[in-house]
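K.L.:
The following file, input.txt, comprises compact mmCIF, C-alpha atoms and all ligand atoms:
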```
# COMPACT_ATOMS: atom_id res chain seq x y z
CA MET A 176 -18.88 6.31 -18.78
CA SER A 177 -21.07 8.71 -16.85
CA LEU A 178 -20.38 9.43 -13.21
CA PRO A 179 -22.92 8.62 -10.51
CA ASP A 180 -25.21 11.44 -9.43
CA GLY A 181 -23.44 13.30 -6.67
CA VAL A 182 -19.97 12.86 -8.23
CA GLU A 183 -18.78 15.62 -10.54
CA ARG A 184 -15.67 16.72 -12.38
CA ARG A 185 -14.93 20.19 -11.09
CA SER A 186 -12.19 22.71 -11.56
CA PHE A 187 -9.60 22.80 -8.76
CA ASP A 188 -6.32 24.71 -9.09
CA GLY A 189 -6.73 24.92 -12.84
CA GLY A 190 -7.37 21.17 -13.34
CA GLU A 191 -10.44 18.95 -13.49
CA ARG A 192 -10.82 16.71 -10.45
CA LEU A 193 -13.49 14.32 -9.24
CA ALA A 194 -15.41 15.72 -6.29
CA THR A 195 -18.29 14.89 -3.96
CA ARG A 196 -20.21 17.01 -1.48
CA GLY A 197 -19.55 16.34 2.20
CA GLU A 198 -17.42 17.13 5.22
CA PRO A 199 -13.67 17.00 4.38
CA VAL A 200 -11.85 13.95 5.77
CA TYR A 201 -8.18 13.74 4.74
CA GLY A 202 -7.07 17.30 4.06
CA GLU A 203 -8.40 17.22 0.51
CA PRO A 204 -8.95 20.54 -1.32
CA THR A 205 -12.46 21.94 -1.01
CA ASP A 206 -14.59 24.49 -2.82
CA GLY A 207 -17.72 25.37 -0.87
CA PRO A 208 -19.48 22.04 -0.22
CA TRP A 209 -17.34 20.16 -2.77
CA ARG A 210 -14.31 18.09 -1.79
CA VAL A 211 -11.77 16.61 -4.18
CA TRP A 212 -11.86 12.82 -4.52
CA ASP A 213 -8.17 12.01 -4.94
CA ALA A 214 -7.78 9.04 -7.30
CA GLY A 215 -4.19 8.64 -6.10
CA ARG A 216 -5.50 7.85 -2.63
CA SER A 217 -8.58 5.88 -3.61
CA LYS A 218 -8.91 2.81 -5.84
CA LEU A 219 -12.60 3.50 -6.45
CA GLY A 220 -11.68 7.08 -7.36
CA ALA A 221 -9.16 5.65 -9.85
CA ILE A 222 -11.81 3.28 -11.23
CA LEU A 223 -14.11 6.24 -11.89
CA GLU A 224 -11.28 8.35 -13.35
CA LEU A 225 -10.44 5.53 -15.76
CA GLY A 226 -14.05 5.35 -16.90
CA LEU A 227 -14.92 1.75 -16.04
CA ASP A 228 -18.60 0.89 -16.29
CA THR A 229 -19.30 0.55 -12.57
CA GLY A 230 -23.08 0.64 -12.90
CA LEU A 231 -23.14 3.27 -10.14
CA VAL A 232 -25.84 5.91 -10.64
CA GLY A 233 -25.98 7.38 -7.12
CA GLY A 234 -28.15 6.45 -4.16
CA GLU A 235 -26.99 2.81 -4.07
CA SER A 236 -27.07 0.69 -0.94
CA GLY A 237 -23.69 -0.88 -0.38
CA LEU A 238 -21.21 -2.85 1.66
CA TYR A 239 -17.62 -1.58 1.67
CA LEU A 240 -14.91 -4.03 2.76
CA GLY A 241 -11.57 -2.64 3.94
CA ALA A 242 -12.78 0.83 4.90
CA ALA A 243 -9.55 1.79 6.75
CA SER A 244 -9.82 5.39 8.06
CA GLY A 245 -12.68 6.18 5.71
CA THR A 246 -10.90 8.01 2.88
CA THR A 247 -12.82 6.34 0.05
CA VAL A 248 -15.93 5.22 1.88
CA SER A 249 -16.55 8.84 2.94
CA HIS A 250 -16.90 9.76 -0.75
CA VAL A 251 -19.13 6.74 -1.32
CA ALA A 252 -21.40 7.82 1.52
CA ASP A 253 -21.52 11.33 -0.01
CA PHE A 254 -23.32 10.03 -3.13
CA ALA A 255 -24.75 6.65 -2.09
CA GLY A 256 -27.54 5.41 0.15
CA PRO A 257 -27.01 3.23 3.24
CA THR A 258 -23.33 2.27 3.29
CA TYR A 259 -22.00 -0.43 5.63
CA ALA A 260 -18.23 -0.10 6.14
CA VAL A 261 -16.23 -3.09 7.44
CA GLU A 262 -12.72 -2.64 8.86
CA PHE A 263 -10.98 -5.06 11.20
CA ALA A 264 -8.07 -2.92 12.45
CA PRO A 265 -9.14 -0.97 15.56
CA ARG A 266 -7.01 2.14 14.99
CA PRO A 267 -8.34 3.12 11.52
CA ALA A 268 -11.79 2.01 12.62
CA ARG A 269 -11.70 4.74 15.29
CA ASP A 270 -11.09 7.36 12.58
CA LEU A 271 -13.87 5.77 10.55
CA VAL A 272 -16.29 6.33 13.41
CA ASP A 273 -15.39 10.06 13.34
CA VAL A 274 -15.96 10.15 9.57
CA ALA A 275 -19.37 8.57 10.06
CA ALA A 276 -20.37 11.20 12.64
CA SER A 277 -21.26 13.69 9.88
CA ARG A 278 -22.76 11.02 7.58
CA SER A 279 -26.00 9.52 8.81
CA ASN A 280 -25.99 6.87 6.05
CA LEU A 281 -22.53 5.47 6.95
CA PHE A 282 -22.42 2.53 9.37
CA PRO A 283 -18.92 1.50 10.54
CA LEU A 284 -18.43 -2.12 11.58
CA LEU A 285 -15.30 -3.33 13.39
CA LYS A 286 -15.42 -6.78 11.80
CA ASP A 287 -13.34 -9.26 9.82
CA ALA A 288 -14.50 -9.37 6.19
CA ARG A 289 -13.56 -13.06 6.05
CA ARG A 290 -16.34 -13.74 8.57
CA PRO A 291 -19.55 -12.26 7.14
CA GLU A 292 -21.59 -14.36 9.56
CA THR A 293 -20.45 -11.94 12.31
CA TYR A 294 -22.21 -8.98 10.65
CA ALA A 295 -24.96 -10.65 8.61
CA HIS A 296 -27.48 -9.72 11.32
CA VAL A 297 -26.68 -6.01 10.90
CA VAL A 298 -26.15 -5.62 7.16
CA GLU A 299 -29.14 -5.57 4.80
CA SER A 300 -29.31 -8.15 2.04
CA ASP A 301 -30.09 -7.35 -1.61
CA LEU A 302 -27.54 -4.55 -1.64
CA ASP A 303 -26.78 -2.81 -4.92
CA VAL A 304 -23.02 -2.84 -4.63
CA LEU A 305 -20.16 -4.59 -2.85
CA ILE A 306 -16.97 -2.53 -2.88
CA GLN A 307 -13.79 -4.28 -1.79
CA ASP A 308 -10.29 -2.98 -1.06
CA VAL A 309 -8.96 -5.29 1.63
CA ALA A 310 -5.34 -5.73 0.48
CA THR A 311 -5.01 -9.08 2.20
CA ARG A 312 -4.24 -12.60 1.07
CA GLY A 313 -7.34 -14.39 -0.20
CA GLN A 314 -9.05 -11.38 -1.82
CA ALA A 315 -11.18 -13.57 -4.11
CA ASP A 316 -12.33 -15.62 -1.15
CA VAL A 317 -13.43 -12.46 0.69
CA ALA A 318 -15.51 -11.39 -2.33
CA VAL A 319 -17.04 -14.86 -2.66
CA ARG A 320 -17.96 -15.03 1.03
CA ASN A 321 -19.68 -11.63 0.90
CA ARG A 322 -21.61 -12.28 -2.30
CA GLN A 323 -24.60 -13.22 -0.12
CA PHE A 324 -25.30 -9.53 0.54
CA LEU A 325 -25.65 -8.57 -3.13
CA ARG A 326 -28.87 -8.50 -5.09
CA SER A 327 -28.87 -10.77 -8.12
CA ASP A 328 -28.03 -7.98 -10.56
CA GLY A 329 -25.82 -6.06 -8.14
CA ARG A 330 -22.19 -5.19 -8.75
CA LEU A 331 -18.91 -6.19 -7.19
CA LEU A 332 -16.31 -3.42 -7.55
CA ALA A 333 -13.02 -4.82 -6.29
CA ALA A 334 -9.44 -3.57 -6.24
CA ILE A 335 -7.09 -6.54 -6.15
CA LYS A 336 -3.57 -5.92 -4.86
CA ALA A 337 -1.14 -8.44 -6.37
CA ARG A 338 1.48 -8.10 -3.65
CA SER A 339 -1.02 -8.98 -0.95
CA GLU A 340 -1.45 -12.39 -2.57
CA ASP A 341 2.22 -13.10 -3.34
CA VAL A 342 5.07 -10.57 -3.38
CA THR A 343 7.30 -12.84 -5.46
CA ARG A 344 5.00 -13.59 -8.43
CA ASP A 345 4.32 -11.65 -11.58
CA PRO A 346 1.22 -9.53 -10.85
CA ALA A 347 -0.42 -10.62 -14.13
CA ALA A 348 -0.23 -14.27 -13.05
CA VAL A 349 -1.64 -13.41 -9.62
CA PHE A 350 -4.55 -11.53 -11.23
CA ASP A 351 -5.33 -14.53 -13.48
CA ASP A 352 -5.58 -16.78 -10.44
CA VAL A 353 -7.73 -14.32 -8.50
CA LEU A 354 -10.09 -13.95 -11.47
CA ASP A 355 -10.34 -17.75 -11.80
CA ASP A 356 -11.29 -17.96 -8.13
CA LEU A 357 -13.86 -15.18 -8.48
CA ARG A 358 -15.51 -16.80 -11.49
CA GLY A 359 -17.05 -19.55 -9.34
CA ALA A 360 -19.40 -16.96 -7.81
CA TYR A 361 -19.25 -13.98 -10.17
CA GLU A 362 -19.41 -13.17 -13.83
CA VAL A 363 -16.50 -10.82 -14.51
CA LEU A 364 -17.71 -7.92 -16.66
CA GLU A 365 -14.62 -5.72 -16.90
CA THR A 366 -11.08 -5.48 -15.58
CA ALA A 367 -8.44 -2.77 -15.77
CA ARG A 368 -5.01 -2.24 -14.32
CA LEU A 369 -4.92 0.72 -11.95
CA ASP A 370 -1.15 1.26 -12.25
CA ARG A 371 -1.53 4.87 -13.37
CA TYR A 372 -2.77 5.58 -9.84
CA HIS A 373 -1.98 2.44 -7.81
CA ASP A 374 0.92 0.09 -8.62
CA ASP A 375 0.13 -3.58 -9.21
CA HIS A 376 -3.60 -3.29 -8.61
CA LEU A 377 -6.35 -4.70 -10.79
CA ALA A 378 -9.88 -3.29 -10.83
CA VAL A 379 -12.65 -5.85 -11.27
CA VAL A 380 -16.30 -5.17 -12.08
CA ALA A 381 -18.44 -8.28 -11.71
CA ARG A 382 -21.97 -9.42 -11.03
CA PRO A 383 -23.11 -12.42 -9.00
CA ARG A 384 -23.81 -15.67 -10.78
CA ASP A 385 -27.14 -17.33 -10.11
CA GLU A 386 -26.82 -19.58 -7.06
N1 LIG A 401 -10.27 1.31 1.10
C1 LIG A 401 -9.47 2.22 1.87
C2 LIG A 401 -9.59 3.60 1.26
O1 LIG A 401 -9.48 3.70 0.04
O2 LIG A 401 -9.80 4.55 2.00
C3 LIG A 401 -8.04 1.72 2.01
C4 LIG A 401 -8.01 0.30 2.40
S1 LIG A 401 -6.43 -0.37 2.80
C5 LIG A 401 -5.69 -0.55 1.25
C6 LIG A 401 -6.91 -2.01 3.21
C7 LIG A 401 -7.65 -2.08 4.51
O3 LIG A 401 -8.25 -3.38 4.58
C8 LIG A 401 -6.78 -1.93 5.74
O4 LIG A 401 -7.29 -0.90 6.55
C9 LIG A 401 -6.89 -3.28 6.43
O5 LIG A 401 -6.87 -3.19 7.85
C10 LIG A 401 -8.23 -3.77 5.92
N2 LIG A 401 -8.41 -5.23 5.95
C11 LIG A 401 -7.56 -6.18 5.52
N3 LIG A 401 -8.06 -7.41 5.73
C12 LIG A 401 -9.29 -7.21 6.29
C13 LIG A 401 -10.31 -8.09 6.73
N4 LIG A 401 -10.15 -9.42 6.63
N5 LIG A 401 -11.42 -7.56 7.26
C14 LIG A 401 -11.57 -6.22 7.35
N6 LIG A 401 -10.65 -5.33 6.96
C15 LIG A 401 -9.52 -5.83 6.43
```
Could you write out this file's structure as structure tokens?
Ligand code: SAM
P.N.:
Amino acid sequence: MSLPDGVERRSFDGGERLATRGEPVYGEPTDGPWRVWDAGRSKLGAILELGLDTGLVGGESGLYLGAASGTTVSHVADFAGPTYAVEFAPRPARDLVDVAASRSNLFPLLKDARRPETYAHVVESDLDVLIQDVATRGQADVAVRNRQFLRSDGRLLAAIKARSEDVTRDPAAVFDDVLDDLRGAYEVLETARLDRYHDDHLAVVARPRDE
């Protein structure tokens, strides 16, 4: 699948790596304005490396849930349009604010993604994409609650961490349950295990069902 505009495969240290243009954030290698997007540190980077059909073309408006210190969402803001970044832990959220300082389209929100009503007055509706990497119990529920921000043909791009749901169960069984829970609100278009880059994670591409 093609990469969104603003994301390129470029040569770094003799190998091809994904890269975006922006201020470096996490000590990643750079070449002029380009910075490596490390798929080993980013589920969305892994999703793009594996060639899933994300629907991303560049310039999208989006809501990113589980922004942490801004590693992945910084790359998203490099190629996307307005990007709202939700993180509920104060310490990484402080780093996220620094990351946003050089990105005028990145809006950090110190909020709980399980409570979208607390940021619905700030975040636009009809967004193109909802990106989720919350690594918490109830990942399907978080995606369902935040569906309200997506336009009808928008995309959910979620990384589901099995161990956050139940450390004792077989990840495949956990993923089946999460997908069942998602299907009430979303049509699942594609899934892929991310184990090559992230153990026991499932990538999900989905679009909202008609309400
Ligand atoms: N997406 C990040 C990246 O690639 O740079 C890494 C995210 S880390 C795996 C998961 C993050 O989700 C943590 O920073 C955690 O604090 C956050 N998180 C978990 N539950 C959350 C919730 N209910 N609301 C907001 N953030 C949450």
K.L.:
Mind listing the residues within 9 Å of ligand LIG 401 (chain A), all atoms listed in the file counted, as JSON, numbers by chain?
P.N.:
{"A": [216, 217, 218, 219, 220, 239, 240, 241, 242, 243, 244, 245, 246, 247, 248, 249, 261, 262, 263, 264, 265, 266, 267, 268, 285, 286, 287, 288, 289, 290, 306, 307, 308, 309, 310, 311, 312, 313, 314, 317, 334, 336]}
K.L.:
Please indicate the distance in Å from atom CA of Phe350 of chain A to atom CA of Leu364 of chain A, rounded to one decimal place.
P.N.:
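For atom CA of Phe350 of chain A relative to atom CA of Leu364 of chain A, the distance reads 14.7 Å.
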K.L.:
Neighbouring residues of Ser186 of chain A were defined as those with any atom within 12 Å, considering only C-alpha atoms; residues of the same chain fewer than 2 positions away were excluded. Please report them as a ChimeraX atom specification.
P.N.:
/A:183-184,188-194,204-206,209-211
K.L.:
Please, what distance in Å, to one decimal, runs between atom CA of Val272 of chain A and atom CA of Phe187 of chain A?
P.N.:
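According to the coordinates, atom CA of Val272 of chain A and atom CA of Phe187 of chain A are separated by 28.4 Å.
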K.L.:
So the first atom is atom CA of Leu238 of chain A and the second is atom CA of Glu292 of chain A; what is the distance between them in Å, to one decimal place?
P.N.:
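Between atom CA of Leu238 of chain A and atom CA of Glu292 of chain A the gap is 14.0 Å.
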K.L.:
Listed atoms of segment 207-222 of chain A, axis-aligned box, 5 Å per side: centre and edge lengths to one decimal in Å, as lines of an AutoDock Vina configuration file?
P.N.:
```
center_x = -11.8
center_y = 14.1
center_z = -5.7
size_x = 25.3
size_y = 32.6
size_z = 21.0
```
K.L.:
Got a sec: who's within 12 Å of Arg358 of chain A, counting only C-alpha atoms, leaving out chain neighbours fewer than 3 positions off, as an mmCIF file with C-alpha atoms, keeping the file's coordinate frame?
P.N.:
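The file below, part.cif, is the result:
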```
data_model
loop_
_atom_site.group_PDB
_atom_site.id
_atom_site.type_symbol
_atom_site.label_atom_id
_atom_site.label_comp_id
_atom_site.auth_asym_id
_atom_site.auth_seq_id
_atom_site.Cartn_x
_atom_site.Cartn_y
_atom_site.Cartn_z
ATOM 1 C CA ALA A 315 -11.180 -13.570 -4.110
ATOM 2 C CA ASP A 316 -12.330 -15.620 -1.150
ATOM 3 C CA ALA A 318 -15.510 -11.390 -2.330
ATOM 4 C CA VAL A 319 -17.040 -14.860 -2.660
ATOM 5 C CA ARG A 322 -21.610 -12.280 -2.300
ATOM 6 C CA LEU A 331 -18.910 -6.190 -7.190
ATOM 7 C CA ASP A 351 -5.330 -14.530 -13.480
ATOM 8 C CA ASP A 352 -5.580 -16.780 -10.440
ATOM 9 C CA VAL A 353 -7.730 -14.320 -8.500
ATOM 10 C CA LEU A 354 -10.090 -13.950 -11.470
ATOM 11 C CA ASP A 355 -10.340 -17.750 -11.800
ATOM 12 C CA TYR A 361 -19.250 -13.980 -10.170
ATOM 13 C CA GLU A 362 -19.410 -13.170 -13.830
ATOM 14 C CA VAL A 363 -16.500 -10.820 -14.510
ATOM 15 C CA LEU A 364 -17.710 -7.920 -16.660
ATOM 16 C CA VAL A 379 -12.650 -5.850 -11.270
ATOM 17 C CA VAL A 380 -16.300 -5.170 -12.080
ATOM 18 C CA ALA A 381 -18.440 -8.280 -11.710
ATOM 19 C CA ARG A 382 -21.970 -9.420 -11.030
ATOM 20 C CA PRO A 383 -23.110 -12.420 -9.000
ATOM 21 C CA ARG A 384 -23.810 -15.670 -10.780
ATOM 22 C CA ASP A 385 -27.140 -17.330 -10.110
#
```
K.L.:
With distances taken over all atoms listed in the file, which residue among A:Ser236, A:Ala333, A:Ala221, A:Pro291 lies nearest Asp374 of chain A?
P.N.:
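Nearest to Asp374 of chain A: A:Ala221.
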K.L.:
Counting all atoms listed in the file, which residue out of A:Gly215, A:Pro208, A:Pro346, A:Gly226 sits closest to Arg185 of chain A?
P.N.:
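Counting all atoms listed in the file, the residue closest to Arg185 of chain A is A:Pro208.
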K.L.:
What's around Leu227 of chain A at 9 Å? Count only C-alpha atoms, leave out sequence neighbours fewer than 4 positions away in its own chain, and write the answer as a PyMOL selection string.
P.N.:
chain A and resi 176+222-223+365-367+378+380
K.L.:
For a quick check of understanding, using all atoms listed in the file, which of A:Leu325, A:Ala337, A:Ala348, A:Val182 has the smallest distance to Ser300 of chain A?
P.N.:
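Using all atoms listed in the file, the shortest distance to Ser300 of chain A belongs to A:Leu325.
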